[in-house]
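Peer 1: Contents are mmCIF, C-alpha atoms; file name coords.cif:
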data_input
#
loop_
_atom_site.label_atom_id
_atom_site.label_comp_id
_atom_site.auth_asym_id
_atom_site.auth_seq_id
_atom_site.Cartn_x
_atom_site.Cartn_y
_atom_site.Cartn_z
CA MET A 1 48.03 74.28 53.27
CA SER A 2 51.04 74.14 55.52
CA THR A 3 52.53 70.84 56.34
CA PRO A 4 52.36 70.01 60.04
CA ARG A 5 55.72 69.78 61.86
CA PRO A 6 56.71 66.17 62.54
CA ALA A 7 56.75 65.28 66.20
CA GLY A 8 60.12 65.76 67.84
CA SER A 9 61.59 68.13 65.26
CA PRO A 10 63.06 71.43 66.61
CA ILE A 11 61.37 74.79 66.07
CA SER A 12 63.54 77.32 64.25
CA LEU A 13 63.10 80.79 65.74
CA GLY A 14 65.49 82.55 63.39
CA ARG A 15 67.51 84.12 66.31
CA ARG A 16 71.24 84.18 66.97
CA PRO A 17 72.35 82.08 69.95
CA ASP A 18 73.98 85.18 71.46
CA ALA A 19 71.06 87.54 70.79
CA SER A 20 70.61 88.22 74.52
CA MET A 21 74.21 89.46 74.86
CA THR A 22 73.94 92.59 72.74
CA LEU A 23 76.04 94.75 75.07
CA LEU A 24 78.90 92.23 75.20
CA ASN A 25 78.76 91.85 71.42
CA GLU A 26 79.05 95.62 70.98
CA VAL A 27 82.05 95.75 73.29
CA THR A 28 83.90 92.89 71.60
CA GLU A 29 82.96 93.62 67.98
CA ARG A 30 83.14 97.44 68.12
CA PRO A 31 85.64 98.35 70.86
CA LEU A 32 86.06 101.90 69.49
CA ASP A 33 83.17 104.30 70.10
CA PRO A 34 81.62 105.59 66.84
CA GLY A 35 82.44 109.16 67.82
CA TYR A 36 86.13 108.35 68.28
CA ALA A 37 86.12 106.39 65.02
CA ALA A 38 84.60 109.38 63.17
CA ALA A 39 87.20 111.72 64.69
CA ALA A 40 90.02 109.40 63.64
CA GLN A 41 88.69 109.22 60.09
CA ALA A 42 88.38 113.02 59.96
CA ARG A 43 91.99 113.44 61.08
CA ALA A 44 93.14 110.90 58.52
CA ALA A 45 91.21 112.72 55.75
CA GLY A 46 92.53 116.11 56.88
CA THR A 47 89.06 117.53 57.55
CA ALA A 48 89.34 117.64 61.35
CA PRO A 49 89.32 121.11 62.94
CA ARG A 50 92.76 122.45 63.73
CA TYR A 51 93.63 124.06 67.07
CA GLY A 52 96.03 126.97 67.14
CA ALA A 53 98.85 127.71 69.56
CA VAL A 54 96.60 129.86 71.73
CA SER A 55 94.08 127.04 72.20
CA ARG A 56 96.84 124.60 73.11
CA VAL A 57 98.27 127.02 75.67
CA LEU A 58 94.81 127.56 77.20
CA VAL A 59 94.25 123.80 77.46
CA LEU A 60 97.66 123.37 79.09
CA LEU A 61 96.97 126.14 81.60
CA ALA A 62 93.53 124.70 82.42
CA ALA A 63 95.03 121.24 82.99
CA ALA A 64 97.75 122.69 85.23
CA ALA A 65 95.18 124.68 87.22
CA LEU A 66 93.01 121.60 87.70
CA GLY A 67 96.03 119.58 88.82
CA LEU A 68 97.19 122.21 91.31
CA GLY A 69 93.64 122.61 92.60
CA GLY A 70 93.33 118.87 93.16
CA VAL A 71 96.64 118.73 95.02
CA TRP A 72 95.70 121.71 97.21
CA ALA A 73 92.28 120.23 98.01
CA ALA A 74 93.82 116.87 98.97
CA LYS A 75 96.37 118.54 101.27
CA ALA A 76 93.69 120.75 102.84
CA LEU A 77 91.49 117.74 103.57
CA ARG A 78 94.33 115.72 105.09
CA ALA A 79 95.82 118.57 107.14
CA PRO A 80 94.75 118.36 110.82
CA LEU A 81 92.71 121.21 112.18
CA PRO A 82 94.27 123.48 114.82
CA SER A 83 93.86 122.08 118.33
CA GLY A 84 91.72 125.03 119.38
CA GLU A 85 89.26 124.39 116.54
CA SER A 86 89.21 120.60 116.54
CA ALA A 87 86.05 118.83 117.58
CA ARG A 88 87.82 116.97 120.37
CA ALA A 89 89.19 120.18 121.88
CA VAL A 90 85.73 121.73 121.82
CA LEU A 91 84.27 118.60 123.39
CA ILE A 92 86.89 118.57 126.15
CA GLU A 93 86.23 122.23 126.90
CA GLN A 94 82.50 121.55 127.17
CA ILE A 95 83.20 118.60 129.46
CA ARG A 96 85.33 120.76 131.74
CA GLU A 97 82.57 123.37 131.92
CA ARG A 98 79.97 120.72 132.76
CA ILE A 99 82.29 119.24 135.38
CA ALA A 100 82.67 122.64 137.05
CA ALA A 101 78.89 123.11 137.10
CA SER A 102 78.41 119.59 138.43
CA GLU A 103 80.96 120.13 141.19
CA GLU A 104 79.19 123.30 142.25
CA LEU A 105 75.84 121.48 142.44
CA THR A 106 77.50 118.60 144.29
CA ALA A 107 78.88 121.02 146.88
CA GLN A 108 75.40 122.45 147.39
CA ASN A 109 74.02 118.92 147.73
CA ASP A 110 76.68 118.06 150.32
CA GLY A 111 75.70 121.11 152.34
CA VAL A 112 72.03 120.08 152.33
CA ARG A 113 72.97 116.50 153.25
CA THR A 114 75.06 117.76 156.19
CA GLU A 115 72.13 119.83 157.38
CA ILE A 116 69.88 116.77 157.17
CA ASN A 117 72.34 114.71 159.21
CA ASP A 118 72.50 117.43 161.88
CA LEU A 119 68.73 117.52 162.09
CA GLN A 120 68.67 113.73 162.35
CA VAL A 121 71.11 113.78 165.26
CA THR A 122 69.06 116.47 166.98
CA ALA A 123 65.83 114.54 166.47
CA LEU A 124 67.18 111.23 167.78
CA GLY A 125 68.96 112.78 170.73
CA SER A 126 71.70 111.27 172.86
CA GLY A 127 69.47 108.39 174.00
CA ASP A 128 69.78 106.68 170.61
CA ALA A 129 73.58 106.76 170.35
CA GLN A 130 73.73 103.16 169.12
CA VAL A 131 71.29 103.93 166.32
CA LEU A 132 73.33 106.98 165.36
CA ASP A 133 76.55 104.95 165.26
CA GLU A 134 74.98 102.25 163.11
CA SER A 135 73.50 104.89 160.80
CA SER A 136 76.91 106.56 160.50
CA ASP A 137 78.63 103.26 159.63
CA LEU A 138 76.01 102.40 157.04
CA ALA A 139 76.32 105.85 155.49
CA VAL A 140 80.07 105.34 155.07
CA TRP A 141 79.64 101.97 153.36
CA ALA A 142 76.78 103.29 151.22
CA GLY A 143 78.86 106.29 150.21
CA SER A 144 76.24 108.79 151.28
CA THR A 145 78.57 110.69 153.61
CA ALA A 146 82.00 112.24 153.16
CA VAL A 147 84.99 110.37 154.62
CA HIS A 148 88.68 111.02 155.13
CA GLY A 149 91.73 109.00 156.08
CA PRO A 150 94.94 107.47 154.72
CA GLY A 151 94.95 105.47 151.53
CA LEU A 152 96.29 105.02 147.99
CA VAL A 153 96.18 107.25 144.94
CA ILE A 154 96.37 105.59 141.50
CA THR A 155 96.74 107.92 138.52
CA VAL A 156 96.13 106.70 134.96
CA GLU A 157 96.25 108.99 131.92
CA ASP A 158 96.19 108.86 128.13
CA SER A 159 99.47 108.53 126.27
CA VAL A 160 101.31 111.66 125.19
CA ARG A 161 100.45 111.03 121.54
CA ALA A 162 96.78 110.56 122.39
CA GLN A 163 96.74 113.80 124.39
CA ASN A 164 98.16 115.57 121.32
CA ASN A 165 95.26 114.14 119.24
CA GLU A 166 97.60 112.33 116.87
CA PRO A 167 95.86 109.98 114.42
CA GLY A 168 95.77 106.26 115.19
CA THR A 169 95.96 106.68 118.98
CA GLN A 170 92.46 105.54 119.92
CA GLU A 171 93.81 102.47 121.70
CA GLN A 172 96.21 104.67 123.66
CA ARG A 173 93.36 106.32 125.57
CA VAL A 174 92.11 105.13 128.95
CA GLN A 175 88.85 103.20 128.56
CA ASP A 176 86.04 102.51 131.02
CA PHE A 177 87.18 98.89 131.29
CA ASP A 178 90.63 100.02 132.50
CA LEU A 179 89.10 102.02 135.35
CA GLN A 180 86.73 99.17 136.21
CA VAL A 181 89.69 96.81 136.56
CA VAL A 182 91.56 99.27 138.80
CA VAL A 183 88.52 99.89 141.02
CA ASN A 184 87.79 96.18 141.41
CA GLY A 185 91.43 95.58 142.30
CA LEU A 186 91.25 98.25 145.01
CA TRP A 187 88.04 96.81 146.48
CA ALA A 188 89.68 93.39 146.54
CA SER A 189 92.73 94.93 148.25
CA GLY A 190 90.70 96.20 151.21
CA ALA A 191 89.61 99.70 150.18
CA GLU A 192 86.88 101.17 152.36
CA ALA A 193 85.89 104.05 150.05
CA ILE A 194 86.88 104.97 146.47
CA ALA A 195 86.49 108.07 144.31
CA ILE A 196 87.49 108.82 140.70
CA ASN A 197 88.34 112.44 139.94
CA GLY A 198 86.37 113.45 143.02
CA HIS A 199 83.30 111.33 142.22
CA ARG A 200 82.53 108.91 145.04
CA LEU A 201 81.76 105.33 144.05
CA THR A 202 78.81 103.48 145.55
CA ALA A 203 77.20 100.10 144.98
CA ALA A 204 75.08 101.68 142.23
CA THR A 205 77.89 103.55 140.45
CA ALA A 206 78.33 102.86 136.74
CA ILE A 207 81.59 103.42 134.85
CA ARG A 208 80.86 103.65 131.14
CA THR A 209 82.18 105.18 127.92
CA ALA A 210 80.21 107.56 125.71
CA GLY A 211 82.10 108.43 122.54
CA GLU A 212 85.58 109.40 123.72
CA ALA A 213 84.55 110.39 127.26
CA VAL A 214 84.52 108.14 130.33
CA LEU A 215 81.38 108.57 132.44
CA VAL A 216 81.11 107.94 136.18
CA ASP A 217 77.47 108.12 137.23
CA LEU A 218 76.79 109.93 133.93
CA GLN A 219 79.41 112.56 134.79
CA PRO A 220 82.03 112.92 132.00
CA LEU A 221 85.67 112.78 133.08
CA VAL A 222 88.86 113.67 131.23
CA THR A 223 92.44 112.53 131.57
CA PRO A 224 94.25 112.21 133.94
CA TYR A 225 92.06 109.82 135.93
CA VAL A 226 92.86 109.95 139.65
CA VAL A 227 91.52 106.99 141.64
CA GLU A 228 91.61 107.61 145.42
CA ALA A 229 91.01 104.77 147.86
CA ILE A 230 90.85 105.04 151.66
CA GLY A 231 92.33 102.18 153.68
CA ASP A 232 95.64 100.91 155.01
CA PRO A 233 98.14 102.30 152.47
CA GLN A 234 100.85 99.66 152.84
CA GLY A 235 98.43 96.75 153.11
CA MET A 236 96.44 97.87 150.09
CA ARG A 237 99.58 98.51 148.07
CA THR A 238 100.92 95.02 148.78
CA SER A 239 97.58 93.35 148.04
CA PHE A 240 97.00 95.42 144.90
CA ALA A 241 100.38 94.38 143.49
CA ARG A 242 99.17 90.75 143.62
CA THR A 243 95.94 91.38 141.75
CA SER A 244 95.25 91.22 138.01
CA ALA A 245 94.71 94.99 138.11
CA ALA A 246 98.45 95.59 138.63
CA THR A 247 99.20 93.32 135.66
CA HIS A 248 96.63 95.22 133.61
CA LEU A 249 98.31 98.56 134.37
CA SER A 250 101.67 97.10 133.39
CA THR A 251 100.20 95.91 130.08
CA LEU A 252 98.73 99.34 129.39
CA SER A 253 102.15 100.91 129.93
CA SER A 254 104.18 98.44 127.84
CA GLN A 255 101.80 97.94 124.92
CA PHE A 256 99.78 101.17 124.71
CA SER A 257 102.11 103.78 126.32
CA ILE A 258 99.46 104.58 128.96
CA PRO A 259 101.36 105.66 132.11
CA SER A 260 100.16 105.03 135.66
CA SER A 261 101.40 105.53 139.20
CA VAL A 262 100.53 104.14 142.65
CA THR A 263 101.37 106.37 145.62
CA PRO A 264 100.35 106.26 149.30
CA ALA A 265 98.62 109.25 150.90
CA ASP A 266 98.47 110.26 154.55
CA ASP A 267 95.03 111.86 154.43
CA LEU A 268 92.47 111.69 151.65
CA VAL A 269 89.12 113.46 151.68
CA LEU A 270 86.41 111.80 149.61
CA PRO A 271 83.06 113.53 149.10
CA ALA A 272 79.69 111.88 149.52
CA GLY A 273 78.32 110.02 146.56
CA THR A 274 75.03 110.46 144.78
CA THR A 275 72.21 109.19 146.94
CA SER A 276 70.00 106.72 145.12
CA GLY A 277 66.26 106.84 145.46
CA LEU A 278 64.42 104.32 147.55
CA VAL A 279 62.73 101.41 145.81
CA ASN A 280 59.43 100.08 147.08
CA VAL A 281 59.43 96.31 147.47
CA THR A 282 56.14 94.49 147.95
CA GLU A 283 56.03 90.95 149.23
CA SER A 284 53.84 88.52 147.35
CA SER A 285 51.39 86.63 149.50
#
Could you write out this file's structure as structure tokens?

Peer 2:
Amino acid sequence: MSTPRPAGSPISLGRRPDASMTLLNEVTERPLDPGYAAAAQARAAGTAPRYGAVSRVLVLLAAAALGLGGVWAAKALRAPLPSGESARAVLIEQIRERIAASEELTAQNDGVRTEINDLQVTALGSGDAQVLDESSDLAVWAGSTAVHGPGLVITVEDSVRAQNNEPGTQEQRVQDFDLQVVVNGLWASGAEAIAINGHRLTAATAIRTAGEAVLVDLQPLVTPYVVEAIGDPQGMRTSFARTSAATHLSTLSSQFSIPSSVTPADDLVLPAGTTSGLVNVTESS
């Protein structure tokens, strides 16, 4: 019969304390792979296969070919694509095509809107002149009719390096925030109507960025960005110079090489903006 183990005595499992670290033990105790060890022993005993001069030359040529191929592949991957084949150039070309199509549709829309206004004047007649005047004023402020008059033209464009698609020039491109600051500064300076690259701004206009393109009412624009504002040229220019927008343009020029200019204009012609749909509002009882 076996003698029972006294209480409190340890149980001997017969295992090494480091039995769970087999991989580490192999690495520390046998650093040389068995295959390499066998090859070394064979060379020491003189039984290892011998390679002739031809084999050595072939190995050298293969190594040189692999090295040259790696260098060529690295240079090919790092070399910039031609401007005509780059993705940005293709994107800009597509944007220009879409802009041309959009401008054509906008011109057709303006013609229909003019026809509607003429029919409205005919329907109201001369007896409702006050209503016509009020409607005309509201249309100007809402941006639903074309306007012309003196004003300011502010031009902002990407840096020269950014226009050449040089790497590391993302911050040297005009962003949506930059145009928002300029537009807000013009409104604060007394502008009566504003357009960016021919797109009239209204109370519902959104200036956003999608990828590398700036969108105005979902219409993609490309550099240079021409901001036209109708109002008193000298008064607006003086007031704009006192706003944070002027400081922002100066910062863009000094820190990001983004040029800009502010010039007065004797007569600007701004098209009508996109007319928003009417929203039904119901009053709760």

Peer 1: Would you mind telling me which residue in A:Ala107, A:Ala87, A:Ile99, A:Val112 lies nearest to Asn197 (chain A) when using all atoms listed in the file?

Peer 2: A:Ile99

Peer 1: For Pro150 (chain A), which residue out of A:Pro264, A:Pro259, A:Gly67, A:Pro167 is the nearest one, using all atoms listed in the file?

Peer 2: A:Pro264

Peer 1: Compare A:Gly52, A:Gly111, A:Gly69, A:Gly190 by their minimum atom-to-atom distance to Pro233 (chain A), counting all atoms listed in the file, and give me the closest one.

Peer 2: A:Gly190

Peer 1: Name the residues captured by the PyMOL selection byres ((chain A and resi 217-223) around 7) when it is applied to the shown file; answer as a list of chain:residue names.

Peer 2: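 Evaluating the PyMOL selection byres ((chain A and resi 217-223) around 7) on these coordinates yields A:Ile95, A:Glu157, A:Asp158, A:Thr205, A:Ala206, A:Ile207, A:Ala213, A:Val214, A:Leu215, A:Val216, A:Pro224, A:Tyr225.
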
Peer 1: Please check which residues have atoms at most 8 Å from (97.0, 103.0, 154.6) in the file's coordinates, counting only C-alpha atoms, and write them as a list in words.

Peer 2: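 Here the neighbourhood of the point contains Pro150, Gly151, Leu152, Ile230, Gly231, Asp232, Pro233, Gln234, Gly235, Met236, Pro264, Ala265 and Asp266 of chain A.
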
Peer 1: Write the residues of the preceding selection, restricted to C-alpha atoms, as a PDB file, in the coordinates of the input.

Peer 2:
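The result, written out as result.pdb:
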ATOM      1  CA  PRO A 150      94.940 107.470 154.720  1.00  0.00           C
ATOM      2  CA  GLY A 151      94.950 105.470 151.530  1.00  0.00           C
ATOM      3  CA  LEU A 152      96.290 105.020 147.990  1.00  0.00           C
ATOM      4  CA  ILE A 230      90.850 105.040 151.660  1.00  0.00           C
ATOM      5  CA  GLY A 231      92.330 102.180 153.680  1.00  0.00           C
ATOM      6  CA  ASP A 232      95.640 100.910 155.010  1.00  0.00           C
ATOM      7  CA  PRO A 233      98.140 102.300 152.470  1.00  0.00           C
ATOM      8  CA  GLN A 234     100.850  99.660 152.840  1.00  0.00           C
ATOM      9  CA  GLY A 235      98.430  96.750 153.110  1.00  0.00           C
ATOM     10  CA  MET A 236      96.440  97.870 150.090  1.00  0.00           C
ATOM     11  CA  PRO A 264     100.350 106.260 149.300  1.00  0.00           C
ATOM     12  CA  ALA A 265      98.620 109.250 150.900  1.00  0.00           C
ATOM     13  CA  ASP A 266      98.470 110.260 154.550  1.00  0.00           C
TER      14      ASP A 266
END

Peer 1: CA of Leu91 (chain A) and CA of Phe177 (chain A) are how many Å apart?

Peer 2: 21.4 Å

Peer 1: With all atoms of region 60-78 of chain A from the file as input, state the centre and edge lengths in Å to one decimal of the axis-aligned box that has 5 Å extra on each side, as lines of an AutoDock Vina configuration file.

Peer 2:
center_x = 94.6
center_y = 120.9
center_z = 92.1
size_x = 16.3
size_y = 20.4
size_z = 36.0
